[in-house]
Each structure stands twice: as structure tokens, then as C-alpha cells.
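Novice: Provided herewith is a single structure, encoded as C-alpha cells, for subsequent inquiry.
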Amino acid sequence: MIKKFEELVKTKNNADMLVHATRKTIEESGDKLTEDEKSQVEDAVVELEKAIKSENIESIEAATKGVNDVLTPLTQKLYTPEGKAQPQDDGSADNSDNTVDAEFEEVKEEDK
């Protein structure tokens with residue numbers, strides 16, 4: 001019983017922090033997000049607040065996921081420079097900086 005209560009308190013606290021952080025992010029976004037995008041986030045946050053009041057862990061977790069699902073693409077939009085895609089590392093080395101791969105052999109003082 002105590003374990004379930006602790007889990008509920010932790011879930012509610014995390015959800016509450018998400019509500020505040022999300023609202024702050026949206027507030028600070030200025031005109032980088034459309035009114036429709038801001039409205040979608042606000043609707044998800046309101047649902048999360050209702051879930052927090054319900055004190056049902058499953059509802060809170062589902063509403064938290066709902067906020068994250070709406071917020072994730074928007075935060076990527078906010079923090080990606082305009083007109084630039086995220087860099088993709090395809091694993092290929094680009095030697096355009098005139099570096100040369102070379103092997104070396106360490107020579108010890110006694111071998112000199």
C-alpha cells in the first residue's frame with residue numbers, strides 16, 4: 001500500500017513538473033510556434049492537469065505521454081536552426097580538412 005502511494009506521489013510530481021516546464025517552454029517560444037501548435041499543447045496540458053487531480057496513476061501516465069507526444073516535435077522545431085536539418089552522421093569520414101590517416105610506431109629511448 002505504501003509503495004503504491006509513493007508511486008502515485010512520484011508520478012504526480014513528475015507530471016506537475018512537466019506541466020510547468022511545458023507552459024514555460026511554450027511561453028518562451030514567442031512566435032516560433034503557431035497558435036494552433038500552442039493550442040494543441042495547452043489542450044494536452046489541461047488533460048494532464050485533470051489526470052493529476054484524478055489521482056489515477058494510469059491516467060496520469062497516459063496524459064503525460066499525450067503531452068510528450070505533442071511537445072516532442074515542437075521542441076525539435078524550436079531548437080533546430082531554421083532551414084537546417086539535423087546533422088546525420090552516416091559514419092563516413094570526410095577528409096576535406098586535409099587530415100591524413102597514418103600509422104606510427106613508438107620508438108622507446110632504449111631502442112635509439
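By convention in this document, the chains of the C-alpha cells carry letters A, B, ... by their order, each chain's residues are numbered from 1, and ligands are numbered from 1 in the order they are shown.
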When you look at A:His20 with a cut-off of 12 Å (counting only C-alpha atoms), what residues show up, excluding the ones that are within fewer than 3 positions of it in the same chain? I need them as a list in words.

Specialist: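 Counting only the stated atoms, we get Asn13, Asn14, Ala15, Asp16, Met17, Arg23, Lys24, Thr25, Ile26, Glu27, Glu42, Val45, Val46, Leu48, Glu49 and Val67 of chain A.
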
Novice: Give me, as an MDAnalysis selection string, all polymer residues having an atom no more than 12 Å from A:Asp43, counting only C-alpha atoms and skipping those fewer than 5 positions away in the same chain.

Specialist: chainID A and resid 19 22:23 36:38 48:50 63 66:67 70:71

Novice: Applying 10 Å and only C-alpha atoms, which residues near A:Asn68 remain after dropping the ones on its own chain fewer than 3 positions away? List them as a list in words.

Specialist: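 Listed by chain and then number, they are Leu18, Thr22, Val41, Ala44, Val45, Ala62, Ala63, Thr64, Lys65, Leu71, Thr72, Pro73, Leu74 and Thr75 of chain A.
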
Novice: If you run DSSP on the backbone, which residues of stretch 24-92 of chain A are helix (DSSP H, G or I), as a PyMOL selection string?

Specialist: chain A and resi 24-28+30-32+35-54+57-79

Novice: Between atom CA of A:Ile52 and atom CA of A:Glu28, what is the distance, to one decimal in Å?

Specialist: 24.3 Å
